[in-house]
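Heads up, work-v5.csv below (CSV, C-alpha atoms and all ligand atoms):
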chain,number,residue,atom,x,y,z
A,190,MET,CA,97.1,93.9,85.4
A,191,ALA,CA,96.3,97.6,85.4
A,192,ALA,CA,97.0,97.8,89.1
A,193,PHE,CA,100.3,96.0,88.5
A,194,PHE,CA,101.5,98.7,86.0
A,195,LYS,CA,100.1,101.5,88.2
A,196,ILE,CA,102.2,100.4,91.2
A,197,ARG,CA,105.3,100.1,88.9
A,198,TRP,CA,104.7,103.5,87.4
A,199,GLU,CA,104.3,105.1,90.8
A,200,ARG,CA,107.5,103.6,92.1
A,201,TYR,CA,109.6,104.8,89.2
A,202,ARG,CA,108.1,108.2,89.1
A,203,ARG,CA,110.8,110.7,90.1
A,204,VAL,CA,110.6,112.2,93.6
A,205,THR,CA,112.1,115.6,93.9
A,206,PHE,CA,113.3,117.2,97.1
A,207,THR,CA,116.0,119.8,98.0
A,208,GLY,CA,116.8,118.6,101.5
A,209,SER,CA,119.7,119.9,103.6
A,210,HIS,CA,123.0,118.5,105.0
A,211,GLN,CA,123.0,117.4,108.6
A,212,PRO,CA,125.6,115.6,110.7
A,213,CYS,CA,125.0,112.0,111.7
A,214,PRO,CA,121.6,112.0,113.4
A,215,LEU,CA,122.8,109.4,115.9
A,216,CYS,CA,126.3,110.5,117.0
A,217,GLY,CA,126.6,113.9,115.5
A,218,GLY,CA,129.7,112.9,113.6
A,219,SER,CA,130.6,114.5,110.2
A,220,ASP,CA,132.8,111.8,108.8
A,221,SER,CA,130.8,109.7,106.4
A,222,VAL,CA,131.2,107.8,103.1
A,223,VAL,CA,128.7,107.5,100.3
A,224,ILE,CA,127.5,103.9,99.9
A,225,GLY,CA,124.6,104.4,97.5
A,226,ARG,CA,123.2,107.0,95.1
A,227,PHE,CA,119.8,105.5,94.2
A,228,ASP,CA,116.9,104.0,96.0
A,229,ARG,CA,115.5,100.6,95.2
A,230,TRP,CA,113.5,102.1,92.3
A,231,PHE,CA,116.5,104.0,90.9
A,232,ASN,CA,115.4,107.4,92.1
A,233,PRO,CA,118.4,109.6,93.1
A,234,LEU,CA,118.9,109.3,96.8
A,235,VAL,CA,122.3,109.6,98.5
A,236,ASN,CA,122.9,107.1,101.3
A,237,VAL,CA,125.9,107.7,103.5
A,238,LEU,CA,127.5,105.6,106.2
A,239,CYS,CA,128.8,107.3,109.4
A,240,ARG,CA,132.4,106.2,109.9
A,241,HIS,CA,132.1,106.8,113.6
A,242,CYS,CA,128.9,104.9,114.6
A,243,GLY,CA,127.9,103.0,111.5
A,244,LEU,CA,124.5,104.6,111.1
A,245,ILE,CA,123.3,104.8,107.5
A,246,PHE,CA,121.3,107.9,106.6
A,247,LEU,CA,120.4,110.3,103.7
A,248,ASP,CA,122.7,113.2,102.9
A,249,PRO,CA,121.2,115.6,101.9
A,250,THR,CA,118.3,114.7,104.2
A,251,PRO,CA,114.8,115.8,103.1
A,252,THR,CA,113.5,118.7,105.2
A,253,ASP,CA,110.7,118.1,107.7
A,254,GLU,CA,108.4,119.9,105.3
A,255,GLU,CA,109.4,117.6,102.4
A,256,LEU,CA,109.1,114.5,104.6
A,257,ASP,CA,105.7,115.6,105.8
A,258,ARG,CA,104.5,116.1,102.2
A,259,TYR,CA,105.9,112.8,101.1
A,260,TYR,CA,104.5,110.6,103.8
A,261,LYS,CA,101.1,112.4,103.8
A,262,GLU,CA,100.6,112.3,100.1
A,263,GLN,CA,103.0,109.9,98.3
A,264,PHE,CA,104.5,107.1,100.4
A,265,TRP,CA,101.7,104.5,100.2
A,266,SER,CA,100.7,105.2,96.7
A,267,ARG,CA,104.3,104.8,95.5
A,268,SER,CA,105.0,101.7,97.5
A,269,GLN,CA,101.7,100.0,97.3
A,270,GLY,CA,99.9,101.7,94.4
A,271,SER,CA,97.0,103.0,96.4
A,272,ASP,CA,96.3,105.7,99.0
A,273,GLN,CA,94.4,103.3,101.1
A,274,PRO,CA,95.1,99.6,102.0
A,275,THR,CA,94.4,97.0,99.4
A,276,ALA,CA,93.4,93.4,100.0
A,277,LYS,CA,96.9,92.3,99.4
A,278,THR,CA,98.6,94.8,101.8
A,279,ILE,CA,96.0,94.0,104.5
A,280,ALA,CA,96.7,90.3,104.2
A,281,ASN,CA,100.5,90.8,104.3
A,282,TYR,CA,100.4,93.3,107.2
A,283,ARG,CA,98.0,91.1,109.2
A,284,ARG,CA,100.5,88.3,109.0
A,285,TYR,CA,103.4,90.5,110.1
A,286,SER,CA,101.3,91.9,112.9
A,287,GLN,CA,100.6,88.5,114.3
A,288,GLY,CA,104.3,87.8,114.5
A,289,ARG,CA,105.0,91.1,116.2
A,290,LEU,CA,102.2,90.5,118.7
A,291,ALA,CA,103.5,87.1,119.5
A,292,LEU,CA,106.9,88.6,120.2
A,293,LEU,CA,105.5,91.2,122.5
A,294,ALA,CA,102.8,89.2,124.3
A,295,PRO,CA,105.1,88.0,127.1
A,296,PHE,CA,105.6,91.6,128.2
A,297,LEU,CA,101.9,92.7,128.0
A,298,LYS,CA,98.8,92.3,130.2
A,299,PRO,CA,95.2,92.8,129.0
A,300,GLY,CA,94.1,96.4,129.2
A,301,MET,CA,97.5,97.9,128.6
A,302,HIS,CA,97.7,101.0,126.5
A,303,ILE,CA,99.6,100.7,123.2
A,304,LEU,CA,100.6,103.5,120.8
A,305,ASP,CA,101.7,102.5,117.3
A,306,ILE,CA,103.9,105.1,115.4
A,307,GLY,CA,103.3,104.7,111.7
A,308,ALA,CA,100.1,102.6,112.0
A,309,GLY,CA,99.6,102.1,108.3
A,310,GLY,CA,96.4,100.3,107.6
A,311,GLY,CA,95.8,99.5,111.3
A,312,GLU,CA,96.4,95.8,111.1
A,313,PHE,CA,98.7,95.7,114.2
A,314,LEU,CA,96.3,97.9,116.3
A,315,LEU,CA,93.3,95.8,115.2
A,316,ALA,CA,95.1,92.5,116.2
A,317,ALA,CA,96.2,94.1,119.5
A,318,ARG,CA,92.7,95.3,120.3
A,319,ARG,CA,91.3,91.8,119.7
A,320,ARG,CA,93.7,90.6,122.4
A,321,GLY,CA,92.3,93.0,124.9
A,322,TYR,CA,94.7,95.9,124.7
A,323,GLN,CA,93.7,99.6,124.4
A,324,VAL,CA,95.2,100.9,121.3
A,325,GLU,CA,95.9,104.2,119.5
A,326,GLY,CA,97.9,105.0,116.4
A,327,ILE,CA,99.6,107.8,114.4
A,328,GLU,CA,99.6,107.6,110.6
A,329,PRO,CA,100.5,110.6,108.4
A,330,SER,CA,98.6,109.3,105.3
A,331,ALA,CA,95.1,110.7,105.4
A,332,GLY,CA,93.8,107.8,103.3
A,333,TYR,CA,95.3,105.1,105.5
A,334,ALA,CA,94.3,106.9,108.8
A,335,ARG,CA,90.8,107.2,107.5
A,336,TYR,CA,90.7,103.6,106.6
A,337,CYS,CA,91.8,102.7,110.2
A,338,ARG,CA,88.9,104.7,111.6
A,339,GLN,CA,86.2,103.8,109.2
A,340,ALA,CA,86.9,100.1,108.7
A,341,TYR,CA,87.9,99.2,112.2
A,342,GLY,CA,86.9,102.2,114.4
A,343,LEU,CA,90.5,102.6,115.5
A,344,ASP,CA,91.7,105.8,117.3
A,345,VAL,CA,94.3,106.8,114.7
A,346,HIS,CA,95.6,110.4,114.3
A,347,ALA,CA,96.1,111.5,110.7
A,348,ALA,CA,99.4,113.3,111.3
A,349,THR,CA,103.1,112.9,111.8
A,350,LEU,CA,104.4,112.3,115.3
A,351,ALA,CA,105.6,115.9,115.5
A,352,ASP,CA,102.2,117.2,114.7
A,353,THR,CA,100.3,114.9,117.1
A,354,GLU,CA,99.2,116.4,120.4
A,355,LEU,CA,99.4,113.6,123.0
A,356,GLY,CA,98.8,115.8,126.1
A,357,ASP,CA,99.9,114.0,129.3
A,358,LYS,CA,99.1,110.5,128.0
A,359,ARG,CA,101.3,107.7,129.0
A,360,TYR,CA,101.5,104.3,127.3
A,361,ASP,CA,102.6,100.9,128.5
A,362,LEU,CA,103.9,100.0,125.0
A,363,ILE,CA,105.0,102.3,122.1
A,364,THR,CA,105.9,100.6,118.9
A,365,CYS,CA,107.9,102.0,116.0
A,366,ASN,CA,107.8,99.3,113.4
A,367,HIS,CA,109.9,100.5,110.5
A,368,SER,CA,108.9,104.1,111.1
A,369,LEU,CA,111.8,105.6,113.1
A,370,GLU,CA,114.2,105.4,110.1
A,371,HIS,CA,111.8,107.6,108.1
A,372,MET,CA,112.3,110.6,110.5
A,373,ARG,CA,114.8,113.4,110.1
A,374,ASP,CA,115.5,113.5,113.8
A,375,PRO,CA,115.1,110.0,115.2
A,376,LEU,CA,116.7,110.8,118.6
A,377,GLY,CA,114.4,113.8,119.1
A,378,ALA,CA,111.4,111.5,118.3
A,379,LEU,CA,112.7,108.9,120.8
A,380,ALA,CA,113.0,111.6,123.5
A,381,ARG,CA,109.5,112.7,122.9
A,382,LEU,CA,108.2,109.1,123.0
A,383,HIS,CA,110.1,108.6,126.3
A,384,ASP,CA,108.0,111.4,127.8
A,385,HIS,CA,104.9,109.5,127.0
A,386,LEU,CA,106.1,106.1,128.1
A,387,ASP,CA,105.0,104.7,131.5
A,388,PRO,CA,108.0,104.3,133.8
A,389,ASP,CA,107.5,100.5,133.6
A,390,GLY,CA,106.5,100.7,129.9
A,391,TYR,CA,108.2,99.3,126.9
A,392,LEU,CA,109.4,100.7,123.6
A,393,TYR,CA,109.6,98.5,120.6
A,394,VAL,CA,111.7,99.6,117.6
A,395,SER,CA,112.3,97.8,114.4
A,396,VAL,CA,114.6,99.3,111.7
A,397,PRO,CA,116.5,97.9,108.7
A,398,ASP,CA,119.7,96.2,109.8
A,399,LEU,CA,122.7,96.0,107.5
A,400,GLY,CA,124.3,93.5,109.9
A,401,ASP,CA,121.7,90.9,109.3
A,402,PRO,CA,122.5,89.1,106.0
A,403,ASP,CA,119.1,87.3,105.9
A,404,THR,CA,116.7,90.1,105.9
A,405,TRP,CA,115.8,93.1,103.6
A,406,PRO,CA,117.5,95.5,102.7
A,407,CYS,CA,120.8,93.6,102.9
A,408,ALA,CA,119.9,91.7,99.7
A,409,ILE,CA,120.3,95.0,97.7
A,410,PHE,CA,123.6,96.1,99.2
A,411,THR,CA,126.8,94.9,97.6
A,412,PRO,CA,129.6,93.0,99.4
A,413,ALA,CA,131.7,96.2,99.2
A,414,THR,CA,128.9,98.1,101.0
A,415,CYS,CA,128.8,95.5,103.8
A,416,ALA,CA,132.6,95.6,104.1
A,417,ALA,CA,132.5,99.4,104.6
A,418,SER,CA,130.2,99.0,107.6
A,419,PRO,CA,132.4,99.3,110.7
A,420,THR,CA,130.0,97.8,113.2
A,421,ARG,CA,126.6,96.4,113.8
A,422,LEU,CA,124.2,98.8,115.3
A,423,TRP,CA,123.8,97.1,118.6
A,501,ZN,ZN,127.2,108.5,113.6
Kindly present the structure from the file in structure tokens form.
Amino acid sequence: MAAFFKIRWERYRRVTFTGSHQPCPLCGGSDSVVIGRFDRWFNPLVNVLCRHCGLIFLDPTPTDEELDRYYKEQFWSRSQGSDQPTAKTIANYRRYSQGRLALLAPFLKPGMHILDIGAGGGEFLLAARRRGYQVEGIEPSAGYARYCRQAYGLDVHAATLADTELGDKRYDLITCNHSLEHMRDPLGALARLHDHLDPDGYLYVSVPDLGDPDTWPCAIFTPATCAASPTRLW
């Protein structure tokens, strides 16, 4: 019961940031409409929808320094109530990871190199290693990255993608499972990942999709919000 209230308290605790304005991070457009002023826990957070390409992003967008601090120190404790994985989160993410691996398996061969951006508690990397792949991850939370290393012996960098030195490494598969949308410059991140992808490699990206009425976060958008969306994102 105490853990229940701790998670709730963390979620509703106000997050402050200054941020700065930026044009649409996808198309560079400057014509947008406000579609939401709060996050799911009622913290002030202005979401805008680009009228040109349909991307939804924050405006103002937290600076890179503010994002670094948030994802290194606050993200997991706010969303899950702990700065390292709990039994519940491990069970949930293991289940999700099995589904993701089943989706990707037809494209993979044993021994392939996989890099996971936003590795969390390492559940996906652990499952991939058990299937014979060579795995590496990047996770900004020191507590979660430490857990990956200590509990499973995984090679996980405790840093953001921007701060991780990858040298001349190339990967057969790079996965961004609900991590790309947390970055201020997603196109810049993709360009960097492209440089570390084998010419025959694969990039897997999963982000929230306003066009899919059956999955989160559509359930928290209003019909008016959905009507304002000019297009699906693919
Ligand atoms: Zn745009």
_Given 12 Å and only C-alpha atoms and all ligand atoms, residues near ligand ZN 501 (chain A) as a list in words_ =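 I would give the residues around ligand ZN 501 (chain A) as Gln211, Pro212, Cys213, Pro214, Leu215, Cys216, Gly217, Gly218, Ser219, Asp220, Ser221, Val222, Val237, Leu238, Cys239, Arg240, His241, Cys242, Gly243, Leu244, Ile245, Phe246, Leu376, Ser418, Pro419, Thr420 and Leu422 of chain A.
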_Long-range neighbours of A:Ala348 as a list in words, 7 Å cut-off, only C-alpha atoms, 4 positions minimum in chain_ =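 So, after excluding close chain neighbours, the residues are Ile327, Glu328, Pro329, Asp352 and Thr353 of chain A.
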Residue selection dump (C-alpha atoms) as a PDB file, keeping the file's coordinate frame:
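The resulting part.pdb:
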ATOM      1  CA  ILE A 327      99.600 107.800 114.400  1.00  0.00           C
ATOM      2  CA  GLU A 328      99.600 107.600 110.600  1.00  0.00           C
ATOM      3  CA  PRO A 329     100.500 110.600 108.400  1.00  0.00           C
ATOM      4  CA  ASP A 352     102.200 117.200 114.700  1.00  0.00           C
ATOM      5  CA  THR A 353     100.300 114.900 117.100  1.00  0.00           C
TER       6      THR A 353
END
*All residues 7 Å or closer to stretch 275-287 of chain A, only C-alpha atoms, same chain fewer than 3 positions away omitted, as JSON, numbers by chain*: {"A": [290, 291, 312, 313]}
*Would you work out the distance separating atom CA of A:Tyr391 from atom CA of A:Leu362, expressed in Å to one decimal?*
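Answer for the atom CA of A:Tyr391 to atom CA of A:Leu362 separation: 4.8 Å.
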*Select, from A:Ile224, A:Leu234, A:Val394, A:Ala294, the residue with the minimum atom-to-atom distance to A:Ile306, counting all atoms listed in the file.*
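Answer, going by the shortest atom-to-atom distance: A:Val394.
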*Between A:Arg318, A:Arg338, A:His371, A:His385, which is the closest to A:Glu255 once you count all atoms listed in the file?*
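The answer is A:His371, which sits nearest to A:Glu255.
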Could you list, with a cut-off of 6 Å and counting only C-alpha atoms, the residues of stretch 305-408 of chain A near stretch 261-274 of chain A, each shown with its nearest atom pair and the distance in Å rounded to one decimal, rows sorted by chain and ascending number, as JSON lines?
{"residue": "A:Gly310", "atom": "CA", "partner": "A:Pro274", "partner_atom": "CA", "distance": 5.8}
{"residue": "A:Pro329", "atom": "CA", "partner": "A:Lys261", "partner_atom": "CA", "distance": 5.0}
{"residue": "A:Ser330", "atom": "CA", "partner": "A:Lys261", "partner_atom": "CA", "distance": 4.3}
{"residue": "A:Gly332", "atom": "CA", "partner": "A:Gln273", "partner_atom": "CA", "distance": 5.0}
{"residue": "A:Tyr333", "atom": "CA", "partner": "A:Gln273", "partner_atom": "CA", "distance": 4.8}
*Could you tell me how far atom CA of A:Val235 lies from atom CA of A:Asp248, in Å and to one decimal?*
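Straight-line distance from atom CA of A:Val235 to atom CA of A:Asp248 works out to 5.7 Å.
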*asked:* What does the structure give for the distance between atom CA of A:Ala308 and atom CA of A:Val345, in Å to one decimal?
replied: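 Between these atoms lies a distance of 7.7 Å.
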_Which residue of A:Pro375, A:Gly288, A:Gly321, A:Gly307 approaches A:Asp253 most closely, using only C-alpha atoms_ =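 Result for the nearest residue to A:Asp253: A:Pro375.
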_Counting only C-alpha atoms, the residue of A:Ala378, A:Leu315, A:Leu369, A:Ala331 that sits nearest A:Leu343_ =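 So, comparing all the options, the nearest one is A:Leu315.
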Where atoms are lacking, stretch 204-216 of chain A completed to N, CA and C atoms, as an mmCIF file, keeping the file's coordinate frame:
data_model
loop_
_atom_site.group_PDB
_atom_site.id
_atom_site.type_symbol
_atom_site.label_atom_id
_atom_site.label_comp_id
_atom_site.auth_asym_id
_atom_site.auth_seq_id
_atom_site.Cartn_x
_atom_site.Cartn_y
_atom_site.Cartn_z
ATOM 1 N N VAL A 204 110.903 111.349 92.479
ATOM 2 C CA VAL A 204 110.600 112.200 93.600
ATOM 3 C C VAL A 204 111.613 113.252 93.765
ATOM 4 N N THR A 205 111.179 114.482 93.809
ATOM 5 C CA THR A 205 112.100 115.600 93.900
ATOM 6 C C THR A 205 112.072 116.197 95.293
ATOM 7 N N PHE A 206 113.233 116.485 95.818
ATOM 8 C CA PHE A 206 113.300 117.200 97.100
ATOM 9 C C PHE A 206 114.654 117.950 97.108
ATOM 10 N N THR A 207 114.717 118.995 97.905
ATOM 11 C CA THR A 207 116.000 119.800 98.000
ATOM 12 C C THR A 207 116.778 119.226 99.189
ATOM 13 N N GLY A 208 116.147 119.113 100.349
ATOM 14 C CA GLY A 208 116.800 118.600 101.500
ATOM 15 C C GLY A 208 117.909 119.549 102.026
ATOM 16 N N SER A 209 118.616 119.093 103.021
ATOM 17 C CA SER A 209 119.700 119.900 103.600
ATOM 18 C C SER A 209 120.702 118.918 104.238
ATOM 19 N N HIS A 210 121.944 119.364 104.332
ATOM 20 C CA HIS A 210 123.000 118.500 105.000
ATOM 21 C C HIS A 210 122.750 118.548 106.482
ATOM 22 N N GLN A 211 122.995 117.426 107.115
ATOM 23 C CA GLN A 211 123.000 117.400 108.600
ATOM 24 C C GLN A 211 124.070 116.380 109.001
ATOM 25 N N PRO A 212 124.667 116.582 110.181
ATOM 26 C CA PRO A 212 125.600 115.600 110.700
ATOM 27 C C PRO A 212 124.868 114.292 110.999
ATOM 28 N N CYS A 213 125.605 113.261 111.351
ATOM 29 C CA CYS A 213 125.000 112.000 111.700
ATOM 30 C C CYS A 213 123.887 112.179 112.729
ATOM 31 N N PRO A 214 122.661 111.746 112.449
ATOM 32 C CA PRO A 214 121.600 112.000 113.400
ATOM 33 C C PRO A 214 121.704 111.144 114.678
ATOM 34 N N LEU A 215 122.645 110.186 114.699
ATOM 35 C CA LEU A 215 122.800 109.400 115.900
ATOM 36 C C LEU A 215 123.949 109.877 116.789
ATOM 37 N N CYS A 216 125.148 110.089 116.202
ATOM 38 C CA CYS A 216 126.300 110.500 117.000
ATOM 39 C C CYS A 216 126.746 111.893 116.810
#
